[in-house]
file target-v7.cif (mmCIF, C-alpha atoms and all ligand atoms)
data_upload
loop_
_atom_site.label_atom_id
_atom_site.label_comp_id
_atom_site.auth_asym_id
_atom_site.auth_seq_id
_atom_site.Cartn_x
_atom_site.Cartn_y
_atom_site.Cartn_z
CA MET A 23 11.96 4.25 63.52
CA LEU A 24 10.34 6.16 66.38
CA SER A 25 6.79 4.84 66.21
CA GLY A 26 5.22 4.55 69.62
CA LYS A 27 7.45 7.35 70.95
CA THR A 28 6.26 10.81 71.92
CA VAL A 29 8.71 13.65 71.49
CA LEU A 30 7.90 16.86 73.34
CA ILE A 31 9.52 19.89 71.77
CA GLY A 32 9.77 23.06 73.84
CA ILE A 33 10.40 26.23 71.83
CA THR A 34 11.59 29.43 73.48
CA GLY A 35 11.82 32.99 72.18
CA GLY A 36 14.85 33.12 69.92
CA ILE A 37 15.21 33.64 66.18
CA ALA A 38 16.26 29.98 65.71
CA ALA A 39 12.66 29.07 66.61
CA TYR A 40 11.84 29.07 62.89
CA LYS A 41 14.24 26.15 62.35
CA ILE A 42 12.23 23.97 64.70
CA CYS A 43 9.45 23.67 62.09
CA GLU A 44 11.80 21.43 60.10
CA LEU A 45 12.80 19.50 63.24
CA ILE A 46 9.14 18.69 63.86
CA ARG A 47 8.90 17.34 60.30
CA MET A 48 11.98 15.17 60.86
CA PHE A 49 10.38 13.55 63.89
CA LYS A 50 7.06 13.16 62.08
CA ARG A 51 8.84 11.46 59.17
CA ALA A 52 10.34 9.04 61.72
CA ASN A 53 6.77 8.25 62.87
CA ALA A 54 7.07 9.89 66.27
CA ASN A 55 4.11 11.55 67.93
CA VAL A 56 5.21 15.18 68.31
CA ARG A 57 3.87 17.52 70.98
CA VAL A 58 4.92 21.16 71.01
CA VAL A 59 4.95 23.70 73.82
CA CYS A 60 6.09 27.27 73.39
CA THR A 61 6.92 30.12 75.69
CA PRO A 62 4.75 33.16 74.87
CA ASN A 63 7.89 34.85 73.42
CA ALA A 64 8.48 31.99 70.99
CA LEU A 65 5.28 33.01 69.22
CA HIS A 66 6.99 36.25 68.14
CA PHE A 67 9.13 34.11 65.86
CA VAL A 68 6.85 31.27 64.75
CA THR A 69 3.09 30.88 64.71
CA LYS A 70 1.01 28.47 66.73
CA LEU A 71 -0.91 27.56 63.57
CA THR A 72 2.28 26.50 61.77
CA LEU A 73 3.42 24.36 64.69
CA GLN A 74 -0.03 22.84 65.08
CA ASN A 75 -0.19 21.89 61.39
CA LEU A 76 3.29 20.41 61.37
CA SER A 77 2.92 18.46 64.61
CA GLN A 78 -0.72 17.58 63.98
CA ASN A 79 -1.34 18.26 67.63
CA GLU A 80 -2.60 21.09 69.77
CA VAL A 81 0.25 23.44 70.76
CA GLY A 82 0.54 24.38 74.44
CA VAL A 83 1.40 27.91 75.48
CA GLU A 84 -0.72 28.92 78.44
CA GLU A 85 -0.48 26.91 81.60
CA PHE A 86 -4.09 27.12 82.66
CA GLU A 87 -5.75 26.93 79.25
CA ILE A 88 -7.21 23.43 78.93
CA PRO A 89 -9.33 22.08 81.76
CA ASP A 90 -8.34 18.51 82.55
CA PHE A 91 -8.30 16.24 85.56
CA LYS A 92 -4.51 16.66 85.64
CA PRO A 93 -2.72 20.01 85.57
CA GLU A 94 -1.59 20.54 82.01
CA HIS A 95 2.14 20.51 82.70
CA ILE A 96 1.84 17.12 84.39
CA SER A 97 -0.11 15.65 81.42
CA TYR A 98 2.56 16.76 78.96
CA ALA A 99 5.35 15.46 81.21
CA ASP A 100 3.66 12.08 81.65
CA GLU A 101 2.88 11.59 77.97
CA ALA A 102 6.31 12.24 76.43
CA ASP A 103 9.30 9.90 76.27
CA ILE A 104 11.78 12.73 75.78
CA MET A 105 11.76 16.51 75.97
CA ILE A 106 13.81 18.69 73.64
CA ILE A 107 14.17 22.38 74.37
CA ALA A 108 15.30 24.10 71.20
CA PRO A 109 16.19 26.83 70.83
CA ALA A 110 16.86 27.32 74.53
CA THR A 111 17.39 31.00 75.32
CA ALA A 112 19.60 32.34 78.12
CA ASN A 113 16.42 33.32 79.94
CA THR A 114 14.81 29.85 79.88
CA ILE A 115 18.14 28.12 80.63
CA SER A 116 18.55 30.28 83.71
CA LYS A 117 15.00 29.59 84.87
CA MET A 118 15.37 25.84 84.35
CA ALA A 119 18.67 25.77 86.23
CA ASN A 120 17.04 27.45 89.20
CA GLY A 121 13.75 25.58 89.34
CA ILE A 122 11.64 28.53 88.23
CA CYS A 123 8.28 27.46 86.81
CA ASP A 124 6.64 30.62 85.52
CA ASN A 125 5.20 29.32 82.26
CA LEU A 126 3.97 26.07 80.76
CA LEU A 127 7.36 25.10 79.28
CA THR A 128 9.40 25.67 82.45
CA SER A 129 6.74 23.93 84.58
CA ILE A 130 6.80 20.88 82.31
CA PHE A 131 10.59 20.82 82.43
CA CYS A 132 10.53 20.84 86.22
CA ALA A 133 8.01 17.98 86.30
CA PHE A 134 9.81 15.96 83.62
CA SER A 135 11.65 12.90 84.91
CA LYS A 136 12.68 11.37 81.57
CA PRO A 137 15.64 12.42 79.36
CA VAL A 138 15.87 16.08 78.35
CA ILE A 139 17.97 17.55 75.55
CA ILE A 140 18.73 21.27 75.68
CA ALA A 141 19.95 23.01 72.52
CA PRO A 142 20.91 26.59 73.38
CA ALA A 143 20.99 29.40 70.82
CA MET A 144 21.68 33.04 71.57
CA ASN A 145 23.98 35.98 70.93
CA CYS A 146 27.65 35.07 71.54
CA ASN A 147 28.07 37.55 74.39
CA MET A 148 25.04 36.08 76.14
CA TRP A 149 26.51 32.61 75.61
CA ASN A 150 29.81 33.71 77.18
CA ASN A 151 28.09 35.39 80.12
CA ARG A 152 29.43 33.75 83.28
CA ILE A 153 26.01 33.52 84.92
CA VAL A 154 24.54 31.79 81.87
CA GLN A 155 27.55 29.44 81.76
CA GLY A 156 27.12 28.72 85.48
CA ASN A 157 23.47 27.86 84.89
CA LEU A 158 24.36 25.57 81.97
CA GLN A 159 26.89 23.91 84.24
CA LYS A 160 24.16 23.26 86.81
CA LEU A 161 21.98 21.62 84.16
CA LEU A 162 24.88 19.53 82.91
CA ASN A 163 25.73 18.41 86.45
CA ALA A 164 22.10 17.43 86.93
CA GLY A 165 22.46 15.02 84.00
CA TYR A 166 20.69 16.93 81.21
CA THR A 167 22.14 16.67 77.70
CA ILE A 168 23.38 20.02 76.39
CA LEU A 169 24.01 20.30 72.67
CA GLU A 170 26.45 23.17 72.41
CA PRO A 171 25.72 25.93 69.90
CA GLU A 172 27.95 26.30 66.86
CA THR A 173 30.27 29.13 65.94
CA GLY A 174 29.45 31.27 62.92
CA PHE A 175 27.54 34.25 61.63
CA LEU A 176 24.66 34.98 64.01
CA ALA A 177 21.27 36.45 63.16
CA CYS A 178 22.05 39.47 65.40
CA GLY A 179 24.98 40.36 63.12
CA TYR A 180 27.76 39.09 65.40
CA GLU A 181 30.29 36.42 64.50
CA GLY A 182 30.81 33.92 67.34
CA ARG A 183 29.44 30.94 69.25
CA GLY A 184 25.69 30.94 69.69
CA ARG A 185 24.13 29.46 66.55
CA LEU A 186 21.76 26.55 67.17
CA CYS A 187 23.52 23.23 66.49
CA SER A 188 22.38 21.38 63.38
CA LEU A 189 18.93 19.80 63.35
CA ASP A 190 20.60 16.47 62.52
CA THR A 191 22.60 16.73 65.76
CA ILE A 192 19.39 17.26 67.76
CA PHE A 193 17.50 14.53 65.91
CA ASP A 194 20.34 11.99 66.25
CA ALA A 195 20.84 12.71 69.95
CA ALA A 196 17.11 12.16 70.59
CA LYS A 197 16.99 9.05 68.41
CA ASP A 198 20.02 7.57 70.21
CA ILE A 199 18.33 8.06 73.57
CA LEU A 200 14.92 6.82 72.44
CA THR A 201 16.29 3.68 70.81
CA GLU A 202 18.90 2.99 73.47
CA LYS A 203 18.91 -0.65 74.55
CA LYS A 204 19.86 -1.92 77.99
CA THR A 205 23.05 -3.31 76.50
CA LEU A 206 24.75 -3.71 79.87
CA ALA A 207 21.91 -5.56 81.63
CA GLY A 208 23.26 -8.40 83.75
CA LYS A 209 26.83 -7.06 83.69
CA LYS A 210 28.76 -5.84 86.69
CA VAL A 211 30.84 -2.79 85.78
CA VAL A 212 33.40 -1.29 88.18
CA ILE A 213 34.55 2.25 87.42
CA THR A 214 37.18 4.42 89.10
CA ALA A 215 37.05 8.22 89.10
CA GLY A 216 39.06 11.20 90.32
CA GLY A 217 42.67 11.83 91.23
CA THR A 218 44.21 9.88 94.09
CA ILE A 219 45.41 11.85 97.11
CA GLU A 220 48.80 10.88 98.53
CA GLU A 221 49.31 12.47 101.91
CA ILE A 222 52.60 14.11 102.85
CA ASP A 223 51.56 15.16 106.36
CA PRO A 224 48.19 16.05 107.96
CA VAL A 225 47.91 19.27 105.89
CA ARG A 226 49.65 18.57 102.56
CA TYR A 227 49.24 16.07 99.78
CA ILE A 228 50.24 15.14 96.21
CA SER A 229 47.41 14.87 93.71
CA ASN A 230 46.39 15.95 90.18
CA TYR A 231 43.68 17.90 88.36
CA SER A 232 41.24 15.05 87.77
CA SER A 233 37.73 16.16 88.76
CA GLY A 234 36.18 12.71 88.48
CA LYS A 235 33.72 13.96 85.81
CA MET A 236 34.76 11.41 83.17
CA GLY A 237 34.57 8.46 85.57
CA ILE A 238 31.22 9.60 86.96
CA ALA A 239 29.81 10.07 83.43
CA LEU A 240 30.88 6.49 82.65
CA ALA A 241 29.30 5.16 85.84
CA ASP A 242 26.01 7.05 85.28
CA THR A 243 25.90 5.86 81.68
CA ALA A 244 26.61 2.23 82.59
CA TYR A 245 23.82 2.43 85.15
CA ARG A 246 21.43 3.89 82.55
CA LEU A 247 22.37 1.05 80.18
CA GLY A 248 21.29 -1.47 82.80
CA ALA A 249 24.62 -2.43 84.42
CA ASP A 250 25.15 -3.32 88.03
CA VAL A 251 27.58 -0.45 88.76
CA VAL A 252 30.16 0.10 91.49
CA LEU A 253 31.86 3.49 91.44
CA ILE A 254 35.18 3.81 93.27
CA THR A 255 35.94 7.50 93.57
CA THR A 256 38.16 10.03 95.29
CA VAL A 257 35.50 12.74 94.87
CA PRO A 258 32.17 12.59 96.71
CA ALA A 259 29.18 11.40 94.67
CA GLU A 260 25.63 10.55 95.67
CA LYS A 261 24.24 7.99 93.26
CA PRO A 262 21.48 5.40 93.06
CA TYR A 263 24.20 2.71 92.76
CA PRO A 264 27.00 1.75 95.22
CA VAL A 265 29.76 4.32 95.62
CA LYS A 266 33.02 3.59 97.47
CA LYS A 267 34.93 6.69 98.51
CA VAL A 268 38.70 6.25 98.62
CA LYS A 269 41.70 8.54 98.94
CA SER A 270 45.06 7.05 98.02
CA ALA A 271 46.18 4.69 95.26
CA GLN A 272 46.57 1.93 97.83
CA GLU A 273 42.99 2.39 99.06
CA MET A 274 41.78 2.46 95.48
CA GLN A 275 43.64 -0.74 94.69
CA LYS A 276 42.02 -2.55 97.64
CA ALA A 277 38.53 -1.32 96.71
CA VAL A 278 38.96 -2.35 93.04
CA GLU A 279 40.41 -5.74 93.86
CA ASP A 280 37.59 -6.46 96.32
CA GLU A 281 35.13 -6.06 93.43
CA PHE A 282 37.23 -7.55 90.65
CA SER A 283 36.63 -11.31 90.74
CA ASN A 284 32.88 -11.17 90.10
CA SER A 285 32.91 -8.16 87.77
CA ASP A 286 32.55 -8.25 83.99
CA CYS A 287 34.28 -5.00 83.21
CA VAL A 288 36.62 -2.63 85.06
CA ILE A 289 37.25 0.87 83.74
CA MET A 290 40.17 2.74 85.30
CA ALA A 291 39.26 6.35 84.50
CA ALA A 292 40.88 7.59 87.71
CA ALA A 293 44.16 9.45 87.57
CA VAL A 294 46.22 7.33 89.93
CA ALA A 295 49.43 8.82 91.34
CA ASP A 296 52.44 6.83 90.21
CA TYR A 297 54.33 7.73 93.41
CA ARG A 298 53.59 8.41 97.06
CA VAL A 299 55.84 9.79 99.79
CA LYS A 300 57.99 7.17 101.44
CA GLN A 301 57.59 8.59 104.93
CA HIS A 302 54.17 10.03 105.66
CA ALA A 303 54.64 12.49 108.56
CA VAL A 304 52.18 12.09 111.40
CA GLN A 305 52.57 15.73 112.47
CA LYS A 306 52.73 18.83 110.26
CA ILE A 307 56.22 19.21 108.76
CA LYS A 308 57.87 22.36 110.13
CA LYS A 309 59.54 24.97 107.96
CA THR A 310 63.33 24.90 108.29
CA ASP A 311 66.01 27.53 107.61
CA GLU A 312 67.16 25.62 104.51
CA ASN A 313 66.14 26.81 101.03
CA GLU A 314 65.46 23.30 99.82
CA TYR A 315 63.37 20.50 101.17
CA SER A 316 63.32 16.99 99.69
CA LEU A 317 60.70 14.33 99.83
CA THR A 318 61.50 10.76 98.89
CA LEU A 319 58.82 9.21 96.72
CA ILE A 320 58.24 5.51 96.22
CA LYS A 321 56.25 3.77 93.52
CA ASN A 322 52.57 3.12 94.01
CA PRO A 323 51.12 -0.21 92.88
CA ASP A 324 50.06 -0.16 89.25
CA ILE A 325 46.42 -1.12 89.75
CA LEU A 326 45.58 -1.45 86.06
CA LYS A 327 48.61 -3.56 85.23
CA HIS A 328 47.93 -5.88 88.14
CA LEU A 329 44.29 -6.32 87.05
CA CYS A 330 45.44 -7.24 83.55
CA GLU A 331 47.93 -9.77 84.91
CA THR A 332 45.37 -11.48 87.13
CA LYS A 333 42.19 -11.20 85.06
CA THR A 334 40.18 -14.28 84.11
CA HIS A 335 37.10 -13.30 82.09
CA GLN A 336 36.94 -9.52 82.74
CA THR A 337 37.21 -6.77 80.14
CA VAL A 338 39.79 -4.31 81.47
CA VAL A 339 39.75 -0.73 80.18
CA GLY A 340 42.44 1.81 80.99
CA PHE A 341 42.51 5.55 80.39
CA CYS A 342 45.69 7.48 79.72
CA ALA A 343 46.36 11.17 80.09
CA GLU A 344 49.04 12.47 77.74
CA SER A 345 50.37 15.99 77.28
CA GLU A 346 52.33 15.16 74.07
CA ASN A 347 52.54 12.48 71.36
CA LEU A 348 49.10 11.18 72.30
CA ILE A 349 48.83 8.18 70.00
CA GLU A 350 52.47 6.98 70.17
CA ASN A 351 52.43 7.12 73.98
CA ALA A 352 49.04 5.44 74.15
CA LYS A 353 50.19 2.63 71.81
CA GLU A 354 53.16 2.01 74.07
CA LYS A 355 50.99 2.14 77.20
CA ILE A 356 48.36 -0.37 76.06
CA ILE A 357 51.13 -2.93 75.52
CA LYS A 358 52.87 -2.15 78.83
CA LYS A 359 49.67 -2.33 80.85
CA GLY A 360 48.10 -5.20 78.91
CA CYS A 361 44.52 -3.86 78.96
CA ASP A 362 41.84 -4.73 76.37
CA TYR A 363 41.07 -1.08 75.60
CA LEU A 364 42.93 2.13 76.33
CA ILE A 365 41.16 5.48 76.09
CA ALA A 366 43.70 8.18 75.22
CA ASN A 367 43.07 11.71 76.54
CA ASP A 368 44.89 14.83 75.36
CA ILE A 369 45.38 16.85 78.54
CA SER A 370 47.28 19.67 76.83
CA ARG A 371 43.96 21.19 75.72
CA LYS A 372 41.86 23.38 77.99
CA ASP A 373 38.54 22.62 76.26
CA ILE A 374 38.66 18.88 76.98
CA GLY A 375 40.20 16.43 79.46
CA PHE A 376 40.92 17.43 83.06
CA SER A 377 37.97 19.13 84.77
CA SER A 378 36.19 20.00 81.52
CA ASP A 379 32.63 18.80 80.87
CA TYR A 380 33.78 17.84 77.39
CA ASN A 381 36.25 15.36 76.04
CA GLU A 382 37.71 14.08 72.81
CA VAL A 383 39.35 10.69 73.06
CA THR A 384 40.95 7.99 70.96
CA ILE A 385 40.08 4.38 71.70
CA LEU A 386 42.90 1.89 71.23
CA THR A 387 42.40 -1.85 71.24
CA ARG A 388 44.99 -4.51 71.99
CA ASP A 389 44.89 -5.78 68.39
CA GLY A 390 46.07 -2.37 67.12
CA GLY A 391 42.69 -0.70 66.48
CA VAL A 392 42.59 3.10 66.76
CA LYS A 393 39.32 5.05 66.74
CA LYS A 394 38.87 8.74 67.46
CA LEU A 395 35.71 10.01 69.15
CA GLU A 396 35.09 13.64 68.24
CA ARG A 397 34.66 16.28 70.94
CA ALA A 398 31.41 15.90 72.85
CA ASP A 399 30.17 16.16 76.43
CA LYS A 400 31.56 13.47 78.71
CA TYR A 401 28.20 11.64 78.85
CA THR A 402 28.14 11.27 75.05
CA ILE A 403 31.77 10.12 75.11
CA ALA A 404 30.87 7.61 77.83
CA ARG A 405 27.99 6.22 75.77
CA ARG A 406 30.22 5.87 72.70
CA ILE A 407 32.89 4.06 74.73
CA PHE A 408 30.29 1.49 75.86
CA GLU A 409 29.07 1.17 72.26
CA GLU A 410 32.64 0.34 71.23
CA ILE A 411 33.03 -2.25 73.97
CA TYR A 412 29.58 -3.85 73.97
CA GLY A 413 28.11 -2.85 70.61
O1 LIG B 1 38.45 13.40 85.95
P1 LIG B 1 38.29 14.39 84.82
O2 LIG B 1 38.57 15.81 85.26
O3 LIG B 1 36.97 14.22 84.14
O4 LIG B 1 39.42 14.09 83.73
C1 LIG B 1 39.41 12.87 83.05
C2 LIG B 1 40.82 12.29 82.96
C3 LIG B 1 41.64 13.12 81.99
C4 LIG B 1 41.49 12.23 84.33
C5 LIG B 1 40.66 10.79 82.50
O5 LIG B 1 39.92 10.77 81.36
C6 LIG B 1 42.01 10.11 82.33
O6 LIG B 1 42.74 10.30 81.40
N1 LIG B 1 42.31 9.24 83.32
C7 LIG B 1 43.57 8.51 83.39
C8 LIG B 1 44.65 9.39 83.95
C9 LIG B 1 45.92 8.61 84.21
O7 LIG B 1 46.18 8.26 85.33
O8 LIG B 1 46.63 8.32 83.16
P2 LIG B 1 48.03 7.51 83.19
O9 LIG B 1 48.47 7.56 81.80
O10 LIG B 1 48.91 8.07 84.25
O11 LIG B 1 47.62 6.05 83.63
C10 LIG B 1 47.19 5.07 82.70
C11 LIG B 1 46.19 4.13 83.34
O12 LIG B 1 46.81 3.41 84.41
C12 LIG B 1 44.96 4.77 83.93
O13 LIG B 1 43.86 3.96 83.63
C13 LIG B 1 45.24 4.78 85.42
O14 LIG B 1 44.02 4.70 86.17
C14 LIG B 1 46.08 3.52 85.58
N2 LIG B 1 47.05 3.59 86.69
C15 LIG B 1 48.03 4.52 86.70
C16 LIG B 1 48.96 4.53 87.71
C17 LIG B 1 48.86 3.56 88.73
N3 LIG B 1 49.73 3.53 89.74
N4 LIG B 1 47.88 2.65 88.71
C18 LIG B 1 46.97 2.65 87.70
O15 LIG B 1 46.08 1.81 87.68
#

call {"tool": "encode", "arguments": {"input": "target-v7.cif", "output": "structure tokens", "more": "lines below"}}
Ligand code: PMT
result
Amino acid sequence: MLSGKTVLIGITGGIAAYKICELIRMFKRANANVRVVCTPNALHFVTKLTLQNLSQNEVGVEEFEIPDFKPEHISYADEADIMIIAPATANTISKMANGICDNLLTSIFCAFSKPVIIAPAMNCNMWNNRIVQGNLQKLLNAGYTILEPETGFLACGYEGRGRLCSLDTIFDAAKDILTEKKTLAGKKVVITAGGTIEEIDPVRYISNYSSGKMGIALADTAYRLGADVVLITTVPAEKPYPVKKVKSAQEMQKAVEDEFSNSDCVIMAAAVADYRVKQHAVQKIKKTDENEYSLTLIKNPDILKHLCETKTHQTVVGFCAESENLIENAKEKIIKKGCDYLIANDISRKDIGFSSDYNEVTILTRDGGVKKLERADKYTIARRIFEEIYG
């Protein structure tokens, strides 16, 4: 299944290091070439000899050990198709997030330009530490795949989140990336992201909590799958594909419709305001002596509905954000809007949806299909959405 692929496994100094022996065997059984690098602390938990025997390759620990024409960290980085860091301790996560290269593993990570999977494992209090979480966030924002630890009984005696995710989860995530096909090659995909901003006056506006993370994850994923991507966003983003920055629903509508006729797929992940103020004040509105102040709102164009009414060959995908009766409301909405797919988001939960790096969605199709995607990071959700649409 993975013949011709080289998997580089980086082991750091945590008790879960012993589990990685079995992970190496799983990759070997799938015919991958497995290279292993360890931090010096990892060798307190597992021996170099064991790892060498299982991987059938030399195991790297010291950065300046083997004389070669290339520095060792560059050779490892060049040779591998994917790097998996498991278990990733709080210490190594924090170094990686800050570009620190003080051992072979962290130097390889810094020089590695192909996909990286990070599987943290640590004590639950370390996992909850705000600095560690901030560093994980940095890695996630930089596009690395983080496989969250599980909750349960930990080796240190605590009960909580911090246990290495299952080896199957790590293996499957790596296999998915290594066998990923450019399924969107030759397709133009237009994606919207973020909450629209409807100005009241020069200092105030109406908007919502959308961070743009879901839309950006979709755009990055479409690009990785070979699509010709245009991202239309209310939040700034620097990307290797065209990005159009917009503010209001009306601006978003114009930008989407400019791209629509020659696109193959439009995904409306943006949270578009249904209303805008009727009279936008040119100067700052002054406080009055009255206790109440009223604004008259008028309807914004329904971008998604209009796309569905005018589409020729395009696949049109809507998102919906619901705080109650997720599936009933979504079923009603897919009919009202007329889109081919509707991705239903439960925004009543704090651990998914608005602003979170994670999501759990249900995909509805116009013919009545309903499929739930279990909670995962937004990049995994994005990949699964494209799998549903394009196979
Ligand atoms: O951005 P994140 O923080 O990552 O959060 C992701 C998300 C929760 C915002 C996203 O996944 C999501 O649910 N986006 C859709 C939010 C929304 O506007 O839902 P809605 O039910 O109000 O609208 C349904 C669909 O119609 C959406 O595709 C929307 O883009 C579209 N719409 C809505 C109003 C309007 N005037 N024009 C539209 O095109």

call {"tool": "closest_atom_pairs", "arguments": {"input": "target-v7.cif", "of": "chain A", "to": "ligand LIG 1 (chain B)", "cutoff": "6 Å", "atoms": "all atoms listed in the file", "output": "Markdown table"}}
result
| residue | atom | partner | partner_atom | distance |
| --- | --- | --- | --- | --- |
| A:Gly216 | CA | B:LIG1 | O1 | 4.9 |
| A:Ser232 | CA | B:LIG1 | O1 | 3.7 |
| A:Ser233 | CA | B:LIG1 | O2 | 3.6 |
| A:Gly234 | CA | B:LIG1 | O1 | 3.5 |
| A:Lys235 | CA | B:LIG1 | O3 | 3.7 |
| A:Met236 | CA | B:LIG1 | O3 | 3.7 |
| A:Met290 | CA | B:LIG1 | O13 | 4.2 |
| A:Ala291 | CA | B:LIG1 | N1 | 4.4 |
| A:Ala292 | CA | B:LIG1 | O14 | 4.5 |
| A:Ala293 | CA | B:LIG1 | O7 | 3.2 |
| A:Val294 | CA | B:LIG1 | C16 | 4.5 |
| A:Ala295 | CA | B:LIG1 | N3 | 5.5 |
| A:Asp296 | CA | B:LIG1 | N3 | 4.3 |
| A:Asn322 | CA | B:LIG1 | N3 | 5.1 |
| A:Pro323 | CA | B:LIG1 | N3 | 5.1 |
| A:Asp324 | CA | B:LIG1 | N4 | 3.6 |
| A:Ile325 | CA | B:LIG1 | O15 | 3.6 |
| A:Leu326 | CA | B:LIG1 | O15 | 3.7 |
| A:Gly340 | CA | B:LIG1 | O13 | 3.7 |
| A:Phe341 | CA | B:LIG1 | O13 | 3.9 |
| A:Cys342 | CA | B:LIG1 | O9 | 3.5 |
| A:Ala343 | CA | B:LIG1 | O6 | 3.9 |
| A:Asn367 | CA | B:LIG1 | O6 | 5.1 |
| A:Gly375 | CA | B:LIG1 | C3 | 4.4 |
| A:Phe376 | CA | B:LIG1 | O2 | 3.6 |
| A:Ser377 | CA | B:LIG1 | O2 | 3.4 |

call {"tool": "atom_distance", "arguments": {"input": "target-v7.cif", "atom1": "CA of Ile107 in chain A", "atom2": "CA of Ile31 in chain A"}}
result
5.9 Å

call {"tool": "residues_around", "arguments": {"input": "target-v7.cif", "residues": "Ile357 in chain A", "least_positions_apart": "4", "cutoff": "10 Å", "atoms": "only C-alpha atoms", "output": "MDAnalysis selection string"}}
result
chainID A and resid 352:353 361:362 364 387:390

call {"tool": "closest_residue", "arguments": {"input": "target-v7.cif", "among": "A:Phe282, A:Trp149, A:Tyr98, A:Tyr363", "to": "Ser116 in chain A", "atoms": "all atoms listed in the file"}}
result
A:Trp149

call {"tool": "residues_around", "arguments": {"input": "target-v7.cif", "residues": "range 194-209 of chain A", "least_positions_apart": "2", "cutoff": "6 Å", "atoms": "all atoms listed in the file", "output": "PyMOL selection string"}}
result
chain A and resi 190-192+247-250+286
